[in-house]
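Peer 1: If it helps, the file is called entry_1.cif and holds mmCIF, C-alpha atoms and all ligand atoms:
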data_model
loop_
_atom_site.label_atom_id
_atom_site.label_comp_id
_atom_site.auth_asym_id
_atom_site.auth_seq_id
_atom_site.Cartn_x
_atom_site.Cartn_y
_atom_site.Cartn_z
CA MET A 142 -20.01 -76.24 -21.82
CA PRO A 143 -17.78 -73.63 -20.18
CA LEU A 144 -16.66 -74.09 -16.59
CA PRO A 145 -19.14 -72.96 -13.94
CA ASP A 146 -18.53 -69.38 -12.78
CA PHE A 147 -17.08 -70.33 -9.40
CA LEU A 148 -14.26 -72.23 -11.17
CA LYS A 149 -13.65 -69.82 -14.05
CA ASP A 150 -10.32 -67.99 -13.70
CA ARG A 151 -9.65 -69.81 -10.43
CA LEU A 152 -7.81 -72.86 -11.85
CA THR A 153 -4.31 -73.17 -13.32
CA LEU A 154 -5.39 -76.50 -14.85
CA PRO A 155 -8.87 -77.98 -15.49
CA LEU A 156 -8.31 -80.60 -12.82
CA ILE A 157 -9.78 -81.96 -9.58
CA ALA A 158 -7.61 -83.98 -7.18
CA ALA A 159 -10.26 -86.65 -6.48
CA PRO A 160 -11.43 -87.57 -2.97
CA LEU A 161 -9.65 -90.65 -1.64
CA PHE A 162 -10.98 -92.63 1.31
CA LEU A 163 -8.47 -92.55 4.21
CA VAL A 164 -5.89 -90.80 1.99
CA SER A 165 -7.12 -87.22 1.45
CA GLU A 166 -6.71 -85.04 4.51
CA PRO A 167 -6.37 -81.25 4.84
CA GLU A 168 -2.64 -81.29 3.82
CA ILE A 169 -3.32 -82.61 0.32
CA VAL A 170 -6.47 -80.47 -0.10
CA ILE A 171 -4.64 -77.26 0.83
CA ALA A 172 -1.62 -78.15 -1.35
CA ALA A 173 -3.89 -78.87 -4.33
CA CYS A 174 -5.89 -75.63 -3.98
CA LYS A 175 -2.70 -73.61 -3.53
CA ALA A 176 -1.33 -75.21 -6.71
CA GLY A 177 -4.45 -74.01 -8.55
CA ILE A 178 -6.55 -77.17 -8.86
CA VAL A 179 -9.61 -78.26 -6.88
CA GLY A 180 -8.58 -80.24 -3.79
CA SER A 181 -11.14 -82.55 -2.19
CA PHE A 182 -11.66 -85.00 0.67
CA PRO A 183 -14.42 -87.37 1.83
CA SER A 184 -16.07 -86.00 4.99
CA LEU A 185 -15.80 -89.55 6.38
CA ASN A 186 -12.00 -89.20 6.49
CA ALA A 187 -12.45 -86.80 9.39
CA ARG A 188 -12.90 -89.19 12.32
CA PRO A 189 -14.55 -89.01 14.77
CA ALA A 190 -17.33 -86.88 13.25
CA GLY A 191 -16.36 -83.86 15.39
CA GLU A 192 -13.07 -83.61 13.45
CA PHE A 193 -14.94 -82.60 10.29
CA ALA A 194 -15.66 -79.09 11.61
CA ARG A 195 -11.99 -78.67 12.61
CA TRP A 196 -10.83 -79.77 9.13
CA LEU A 197 -13.18 -77.28 7.46
CA GLU A 198 -11.97 -74.48 9.73
CA ARG A 199 -8.34 -75.31 8.99
CA ILE A 200 -8.85 -75.48 5.22
CA GLU A 201 -10.84 -72.23 5.17
CA GLY A 202 -8.22 -70.57 7.37
CA GLU A 203 -5.31 -71.53 5.11
CA LEU A 204 -6.90 -70.81 1.74
CA ASP A 205 -7.51 -67.36 0.32
CA GLU A 206 -9.17 -65.88 -2.76
CA ASN A 207 -6.06 -66.57 -4.90
CA ASP A 208 -6.37 -70.30 -4.32
CA ALA A 209 -8.66 -72.73 -6.15
CA PRO A 210 -11.92 -73.70 -4.39
CA PHE A 211 -12.06 -76.95 -2.41
CA ALA A 212 -14.65 -79.73 -2.43
CA VAL A 213 -16.09 -82.11 0.15
CA ASN A 214 -17.14 -85.60 -0.87
CA LEU A 215 -20.33 -86.79 0.77
CA ILE A 216 -21.02 -90.51 0.53
CA VAL A 217 -24.81 -90.51 0.14
CA HIS A 218 -25.23 -94.28 0.51
CA LYS A 219 -27.78 -95.32 3.15
CA SER A 220 -25.03 -97.11 5.10
CA ASN A 221 -23.40 -93.75 5.90
CA PRO A 222 -24.81 -92.70 9.26
CA ARG A 223 -23.25 -89.22 9.02
CA VAL A 224 -25.03 -87.80 5.95
CA ALA A 225 -27.37 -85.41 7.81
CA GLU A 226 -24.73 -84.33 10.34
CA ASP A 227 -22.04 -83.71 7.69
CA LEU A 228 -24.50 -81.94 5.39
CA ALA A 229 -25.40 -79.55 8.20
CA LEU A 230 -21.72 -78.58 8.55
CA ILE A 231 -21.32 -78.30 4.78
CA LYS A 232 -24.20 -75.77 4.80
CA GLU A 233 -22.87 -73.91 7.82
CA HIS A 234 -19.46 -73.54 6.15
CA LYS A 235 -20.92 -72.91 2.70
CA VAL A 236 -18.56 -75.45 1.12
CA PRO A 237 -18.20 -74.29 -2.52
CA LEU A 238 -18.40 -77.73 -4.14
CA VAL A 239 -19.94 -80.97 -2.89
CA ILE A 240 -19.10 -84.21 -4.63
CA THR A 241 -21.78 -86.81 -3.96
CA SER A 242 -21.07 -90.49 -4.54
CA VAL A 243 -22.29 -94.05 -3.92
CA GLY A 244 -26.02 -93.27 -3.94
CA GLN A 245 -28.58 -90.67 -5.01
CA PRO A 246 -27.73 -86.96 -4.75
CA GLY A 247 -31.46 -86.33 -4.05
CA GLU A 248 -32.18 -83.59 -1.55
CA VAL A 249 -28.49 -82.77 -1.09
CA VAL A 250 -28.75 -80.79 -4.34
CA ASP A 251 -31.43 -78.38 -3.03
CA GLN A 252 -29.67 -77.96 0.28
CA VAL A 253 -26.32 -77.13 -1.34
CA HIS A 254 -27.96 -74.84 -3.88
CA SER A 255 -29.72 -73.02 -1.03
CA TYR A 256 -26.42 -71.36 0.00
CA GLY A 257 -25.04 -71.04 -3.55
CA GLY A 258 -22.87 -74.17 -3.58
CA MET A 259 -22.51 -76.60 -6.47
CA VAL A 260 -22.99 -80.37 -6.63
CA PHE A 261 -21.03 -82.75 -8.85
CA HIS A 262 -22.29 -86.34 -8.72
CA ASP A 263 -20.14 -89.39 -9.38
CA VAL A 264 -21.55 -92.12 -11.68
CA ILE A 265 -20.30 -95.17 -13.56
CA ASN A 266 -23.07 -95.63 -16.12
CA LEU A 267 -25.64 -93.83 -18.27
CA ARG A 268 -28.65 -94.72 -16.12
CA HIS A 269 -27.08 -93.09 -13.07
CA ALA A 270 -25.99 -90.11 -15.17
CA GLN A 271 -29.60 -89.64 -16.32
CA LYS A 272 -30.84 -89.84 -12.71
CA ALA A 273 -28.21 -87.33 -11.59
CA LYS A 274 -29.38 -84.93 -14.31
CA GLU A 275 -32.98 -85.34 -13.13
CA ALA A 276 -31.87 -84.58 -9.56
CA GLY A 277 -30.56 -81.23 -10.82
CA VAL A 278 -26.82 -81.67 -10.24
CA ASP A 279 -24.45 -79.08 -11.70
CA GLY A 280 -21.87 -81.58 -12.88
CA ILE A 281 -21.55 -85.29 -13.52
CA ILE A 282 -18.32 -87.12 -12.82
CA LEU A 283 -17.98 -90.01 -15.26
CA VAL A 284 -15.92 -92.72 -13.62
CA SER A 285 -14.81 -94.83 -16.56
CA ALA A 286 -13.18 -98.24 -16.92
CA GLY A 287 -9.94 -98.83 -15.04
CA ALA A 288 -10.49 -96.04 -12.48
CA GLY A 289 -9.30 -96.38 -8.90
CA GLY A 290 -11.97 -96.96 -6.26
CA HIS A 291 -15.39 -98.11 -7.42
CA GLY A 292 -14.59 -97.64 -11.09
CA GLY A 293 -16.98 -98.46 -13.90
CA LEU A 294 -16.75 -100.69 -16.93
CA ILE A 295 -17.49 -98.23 -19.72
CA ASN A 296 -14.76 -96.96 -21.99
CA PRO A 297 -14.37 -93.15 -21.73
CA PHE A 298 -14.36 -92.73 -25.51
CA THR A 299 -18.05 -93.60 -25.55
CA LEU A 300 -19.07 -92.64 -22.00
CA VAL A 301 -18.35 -88.91 -22.43
CA PRO A 302 -20.10 -88.40 -25.79
CA GLN A 303 -23.12 -90.48 -24.74
CA VAL A 304 -23.65 -88.42 -21.58
CA ARG A 305 -23.02 -85.20 -23.51
CA GLU A 306 -25.98 -86.11 -25.74
CA PHE A 307 -28.40 -85.46 -22.86
CA PHE A 308 -26.48 -83.41 -20.28
CA ALA A 309 -25.52 -79.78 -20.88
CA GLY A 310 -23.90 -79.22 -17.47
CA THR A 311 -20.28 -79.72 -16.45
CA ILE A 312 -18.78 -83.10 -17.33
CA ILE A 313 -15.81 -84.34 -15.39
CA LEU A 314 -13.91 -87.39 -16.62
CA ALA A 315 -12.23 -89.89 -14.28
CA GLY A 316 -10.34 -93.11 -14.82
CA THR A 317 -6.62 -93.79 -15.33
CA LEU A 318 -5.77 -90.13 -16.06
CA SER A 319 -2.21 -89.65 -14.89
CA ASN A 320 -0.53 -86.96 -17.00
CA GLY A 321 -1.19 -83.55 -18.53
CA ARG A 322 -1.75 -84.95 -22.01
CA ALA A 323 -4.63 -87.04 -20.62
CA ILE A 324 -6.22 -83.87 -19.18
CA ARG A 325 -6.16 -82.38 -22.66
CA ALA A 326 -7.53 -85.63 -24.12
CA ALA A 327 -10.46 -85.48 -21.68
CA GLN A 328 -11.29 -82.00 -23.01
CA VAL A 329 -11.00 -83.13 -26.62
CA LEU A 330 -13.50 -85.91 -25.83
CA GLY A 331 -15.97 -83.33 -24.56
CA ALA A 332 -15.28 -83.19 -20.81
CA ASP A 333 -14.83 -79.85 -19.03
CA LEU A 334 -12.63 -81.08 -16.22
CA ALA A 335 -10.37 -84.02 -15.48
CA TYR A 336 -10.46 -85.96 -12.19
CA MET A 337 -7.34 -87.76 -10.92
CA GLY A 338 -7.22 -90.10 -7.97
CA THR A 339 -4.48 -92.72 -8.09
CA ARG A 340 -1.83 -90.25 -9.34
CA PHE A 341 -2.33 -88.19 -6.15
CA ILE A 342 -1.83 -91.17 -3.81
CA ALA A 343 1.83 -91.13 -4.87
CA THR A 344 2.48 -87.60 -3.59
CA LYS A 345 4.27 -86.42 -0.47
CA GLU A 346 1.12 -84.91 1.07
CA ALA A 347 -1.09 -88.01 0.62
CA ASN A 348 -1.93 -89.76 3.88
CA ALA A 349 -1.15 -93.20 2.47
CA ASP A 350 1.06 -95.89 3.94
CA GLU A 351 4.58 -95.68 2.45
CA ALA A 352 4.23 -99.31 1.29
CA PHE A 353 1.01 -98.36 -0.57
CA LYS A 354 2.85 -95.55 -2.39
CA GLN A 355 5.69 -97.93 -3.26
CA MET A 356 3.23 -100.57 -4.53
CA ILE A 357 1.81 -97.97 -6.92
CA LEU A 358 5.31 -97.26 -8.27
CA THR A 359 6.01 -100.95 -8.89
CA SER A 360 2.59 -101.94 -10.31
CA GLY A 361 1.28 -102.09 -13.86
CA PRO A 362 -2.28 -102.21 -15.18
CA LEU A 363 -2.50 -105.99 -14.88
CA ASP A 364 -1.63 -105.77 -11.17
CA VAL A 365 -5.05 -104.19 -10.65
CA VAL A 366 -8.10 -106.42 -10.28
CA TYR A 367 -11.81 -105.53 -10.39
CA THR A 368 -13.55 -107.27 -7.51
CA ASP A 369 -16.41 -106.92 -5.01
CA LYS A 370 -14.61 -108.99 -2.38
CA VAL A 371 -13.41 -105.98 -0.38
CA SER A 372 -16.56 -103.93 0.17
CA GLY A 373 -19.38 -105.73 -1.62
CA ILE A 374 -19.28 -103.13 -4.44
CA LYS A 375 -17.03 -103.75 -7.46
CA GLY A 376 -13.84 -101.77 -7.36
CA ASN A 377 -10.23 -101.84 -8.56
CA PHE A 378 -7.64 -103.07 -6.08
CA LEU A 379 -3.93 -103.85 -6.15
CA VAL A 380 -3.53 -107.61 -6.41
CA SER A 381 -0.50 -107.73 -4.07
CA SER A 382 -2.47 -106.02 -1.31
CA LEU A 383 -5.38 -108.46 -1.74
CA THR A 384 -3.00 -111.40 -1.56
CA ALA A 385 -1.32 -109.96 1.54
CA ALA A 386 -4.76 -109.63 3.20
CA GLY A 387 -5.57 -113.26 2.36
CA ILE A 388 -8.29 -112.43 -0.15
CA GLU A 389 -8.53 -115.06 -2.83
CA ILE A 390 -9.38 -113.98 -6.37
CA GLU A 391 -10.13 -116.49 -9.09
CA GLY A 392 -7.17 -116.94 -11.39
CA LEU A 393 -4.70 -115.55 -8.85
CA PRO A 394 -2.33 -117.65 -6.69
CA LYS A 395 -4.05 -119.18 -3.63
CA PRO A 396 -3.37 -117.10 -0.52
CA GLU A 397 -2.10 -118.57 2.74
CA ILE A 398 -5.03 -117.34 4.87
CA GLY A 399 -8.59 -118.07 3.73
CA PHE A 400 -10.82 -115.16 2.73
CA GLY A 401 -13.69 -116.69 4.70
CA LYS A 402 -12.05 -115.78 8.00
CA LEU A 403 -11.58 -112.18 6.98
CA ARG A 404 -15.12 -112.01 5.57
CA ASP A 405 -16.67 -113.40 8.77
CA LYS A 406 -14.76 -110.83 10.77
CA ARG A 407 -15.88 -108.04 8.43
CA GLU A 408 -19.50 -109.16 8.62
CA ALA A 409 -19.38 -109.00 12.41
CA ASP A 410 -17.79 -105.54 12.21
CA ARG A 411 -20.34 -104.44 9.63
CA ALA A 412 -23.21 -105.20 11.95
CA GLU A 413 -21.47 -103.01 14.50
CA ASN A 414 -20.67 -100.04 12.28
CA GLN A 415 -20.70 -100.09 8.50
CA SER A 416 -18.33 -97.20 7.91
CA GLU A 417 -15.78 -98.34 10.52
CA SER A 418 -15.74 -101.79 8.94
CA GLU A 419 -15.27 -100.22 5.51
CA ALA A 420 -12.30 -98.26 6.86
CA LYS A 421 -10.70 -101.44 8.21
CA ALA A 422 -11.09 -103.13 4.83
CA TRP A 423 -9.60 -100.18 2.88
CA LYS A 424 -6.73 -99.88 5.35
CA GLU A 425 -5.66 -103.46 4.66
CA VAL A 426 -6.43 -103.63 0.96
CA TRP A 427 -5.31 -100.86 -1.36
CA SER A 428 -7.32 -99.50 -4.24
CA ALA A 429 -5.75 -98.02 -7.36
CA GLY A 430 -6.59 -97.56 -11.02
CA GLN A 431 -4.93 -98.96 -14.13
CA GLY A 432 -3.01 -95.70 -14.50
CA VAL A 433 -0.49 -97.04 -11.93
CA GLY A 434 1.83 -98.11 -14.76
CA GLU A 435 2.51 -94.46 -15.60
CA ILE A 436 3.40 -93.43 -12.04
CA HIS A 437 7.11 -93.55 -11.23
CA ASP A 438 7.73 -91.03 -8.46
CA ILE A 439 6.40 -89.40 -5.30
CA PRO A 440 6.57 -85.65 -5.90
CA SER A 441 4.96 -82.94 -3.78
CA VAL A 442 1.53 -81.84 -5.00
CA ALA A 443 3.01 -78.51 -6.19
CA GLU A 444 5.72 -80.33 -8.20
CA LEU A 445 3.15 -82.71 -9.69
CA VAL A 446 0.74 -79.93 -10.70
CA ALA A 447 3.60 -77.91 -12.28
CA ARG A 448 4.58 -80.98 -14.32
CA LEU A 449 0.98 -81.73 -15.33
CA LYS A 450 0.61 -78.12 -16.42
CA GLY A 451 3.72 -78.32 -18.64
CA GLU A 452 2.49 -81.56 -20.23
CA TYR A 453 -0.99 -80.10 -20.70
CA GLN A 454 0.31 -76.94 -22.35
CA GLU A 455 2.54 -79.00 -24.65
CA ALA A 456 -0.47 -81.17 -25.61
CA CYS A 457 -2.56 -78.06 -26.31
CA LYS A 458 -0.01 -77.02 -28.98
CA THR A 459 -0.57 -80.26 -30.89
CA PRO A 460 -2.85 -79.54 -33.85
C1 LIG B 1 -7.66 -95.31 -2.60
C2 LIG B 1 -8.88 -94.72 -3.23
C3 LIG B 1 -9.89 -94.24 -2.42
C4 LIG B 1 -11.04 -93.68 -2.99
N1 LIG B 1 -11.99 -93.18 -2.17
C5 LIG B 1 -13.07 -92.54 -2.69
C6 LIG B 1 -14.04 -91.94 -1.84
O1 LIG B 1 -13.96 -91.96 -0.62
N2 LIG B 1 -15.08 -91.31 -2.43
C7 LIG B 1 -15.24 -91.24 -3.79
O2 LIG B 1 -16.19 -90.64 -4.27
N3 LIG B 1 -14.33 -91.80 -4.61
C8 LIG B 1 -13.24 -92.43 -4.08
N4 LIG B 1 -12.30 -92.96 -4.92
C9 LIG B 1 -12.42 -92.75 -6.38
C10 LIG B 1 -11.70 -91.46 -6.78
O3 LIG B 1 -12.32 -90.34 -6.19
C11 LIG B 1 -11.66 -91.30 -8.32
O4 LIG B 1 -12.94 -91.45 -8.87
C12 LIG B 1 -10.73 -92.29 -8.98
O5 LIG B 1 -9.57 -92.45 -8.22
C13 LIG B 1 -10.37 -91.83 -10.38
O6 LIG B 1 -9.65 -92.80 -11.08
P1 LIG B 1 -8.04 -92.91 -11.05
O7 LIG B 1 -7.69 -93.40 -9.69
O8 LIG B 1 -7.77 -93.94 -12.10
O9 LIG B 1 -7.47 -91.57 -11.33
C14 LIG B 1 -11.16 -93.58 -4.40
C15 LIG B 1 -10.13 -94.07 -5.20
C16 LIG B 1 -9.00 -94.63 -4.64
C17 LIG B 1 -7.91 -95.12 -5.53
#
Could I get this structure in the form of structure tokens?
Ligand SMILES: Cc1cc2nc3c(=O)[nH]c(=O)nc-3n(C[C@H](O)[C@H](O)[C@H](O)COP(=O)(O)O)c2cc1C

Peer 2:
Amino acid sequence: MPLPDFLKDRLTLPLIAAPLFLVSEPEIVIAACKAGIVGSFPSLNARPAGEFARWLERIEGELDENDAPFAVNLIVHKSNPRVAEDLALIKEHKVPLVITSVGQPGEVVDQVHSYGGMVFHDVINLRHAQKAKEAGVDGIILVSAGAGGHGGLINPFTLVPQVREFFAGTIILAGTLSNGRAIRAAQVLGADLAYMGTRFIATKEANADEAFKQMILTSGPLDVVYTDKVSGIKGNFLVSSLTAAGIEIEGLPKPEIGFGKLRDKREADRAENQSESEAKAWKEVWSAGQGVGEIHDIPSVAELVARLKGEYQEACKTP
């Protein structure tokens, strides 16, 4: 499947800098689009809600037709109280690409299509991919095993071809991709675009704590654990950050503070405001994918994209 028209000839690399809760803000989005890849951010990162309009205005003001398009990530889970409000702004600003995740894309698809926008939906398994197809999405993001955030459990070597059997739209592959050769490998597997999250946390423009960036540089794949103890949904987190927050994981050294205390506090917060409580959890505990072992520096986004491009072009020469 070729790239959708709105991306054709607009990208220097078939790559999306994935949306990262609390980490992706306008700086990284603008830098990514200026470097020729799709930059994205979760609307929930703009807090309070009124900030979202200002972020959109700033991004639109700084990008021009020579830059790659940007995307907004809309968390469509029922616990997100801002879906309708954020969707209204997305329509008003005619955001070119909407990435829906953690729920059903449902009516978002029609609303985004009504102004000519595109919807890519994020899934971790075949059942959700099938449902996304039925909802009429333009692209499906396959979040494979080892991915940062709420990664899946399916190996990409079989996830991509199995979804390709029934979906003719754009396929985007996510999970541990950290270099240009991996972008090429995603295409060889049958994906149209690659999706990188963790690699972009270790960039100058990422709004991540310096200690978080350093932890990525010093971690390997076995320093990442798949657990539902942070948000109730399984995801990949850096073990050292879990230990520091007092979260006990079976098989890991016993922490000094009990998890129960933290959980009770979170449950109280949750009753108050689900998304605020989620933010508190993700601020204390850091998510990353198994690709951390390949990340050794904190370049600017422009430097990183230039390097990825060189690696990708080199890989394309390989017969
Ligand atoms: C710190 C962090 C925050 C994330 N936040 C979000 C989010 O808000 N929305 C979303 O759809 N995906 C989120 N993800 C998942 C990424 O968008 C992407 O699917 C994933 O990072 C790809 O795998 P990789 O990290 O191995 O490259 C997050 C991932 C990380 C590591």

Peer 1: Can you measure atom CA of Asn296 of chain A to atom CA of Asp369 of chain A for me? One decimal in Å is fine.

Peer 2: 19.8 Å

Peer 1: Skipping near chain neighbours, those fewer than 4 positions away, what residues fall within 6 Å of segment 332-343 of chain A using all atoms listed in the file, listed as a PyMOL selection string?

Peer 2: chain A and resi 155-159+312-315+318-319+324+327-328+347+354+429+439

Peer 1: List as number ranges by chain the protein and nucleic acid residues lying within 9 Å of ligand LIG 1 (chain B), with all atoms listed in the file counted.

Peer 2: A: 158-165, 181-186, 214-216, 240-243, 262-263, 282-292, 314-319, 336-342, 349, 376-378, 423, 427-433

Peer 1: Rounded to one decimal, what separation in Å do you get between atom CA of Glu452 of chain A and atom CA of Pro362 of chain A?

Peer 2: 21.8 Å

Peer 1: State, in Å with one decimal place, the distance from atom CA of Thr299 of chain A to atom CA of Gly247 of chain A.

Peer 2: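 According to the coordinates, atom CA of Thr299 of chain A and atom CA of Gly247 of chain A are separated by 26.4 Å.
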
Peer 1: Can you list, as a VMD selection string, every protein, DNA or RNA residue that comes within 12 Å of Lys272 of chain A when you count all atoms listed in the file, leaving out same-chain residues fewer than 5 positions away?

Peer 2: chain A and resid 244 to 247 262 to 267 277 to 278 281 304 307 to 308

Peer 1: So which one's closest to Val260 of chain A, A:Ala212, A:Leu445, A:Val224, A:Ala187? Using only C-alpha atoms, please.

Peer 2: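 Between A:Ala212, A:Leu445, A:Val224, A:Ala187, the residue approaching Val260 of chain A most closely is A:Ala212.
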
Peer 1: If we count only C-alpha atoms and set the cut-off at 12 Å, which residues sit around Ala225 of chain A, ignoring sequence neighbours fewer than 4 positions away in its own chain? Please answer as a list in words.

Peer 2: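 Those residues are Ser184, Ala190, Leu215, Ile216, Val217, His218, Lys219, Asn221, Ala229, Leu230, Ile231, Lys232, Glu248, Val249 and Gln252 of chain A.
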
Peer 1: For each of A:Ile169, A:Leu152, A:Ile436, A:Ala270, take the minimum atom-to-atom distance to Glu206 of chain A, counting only C-alpha atoms, then give the residue where this is smallest.

Peer 2: A:Leu152
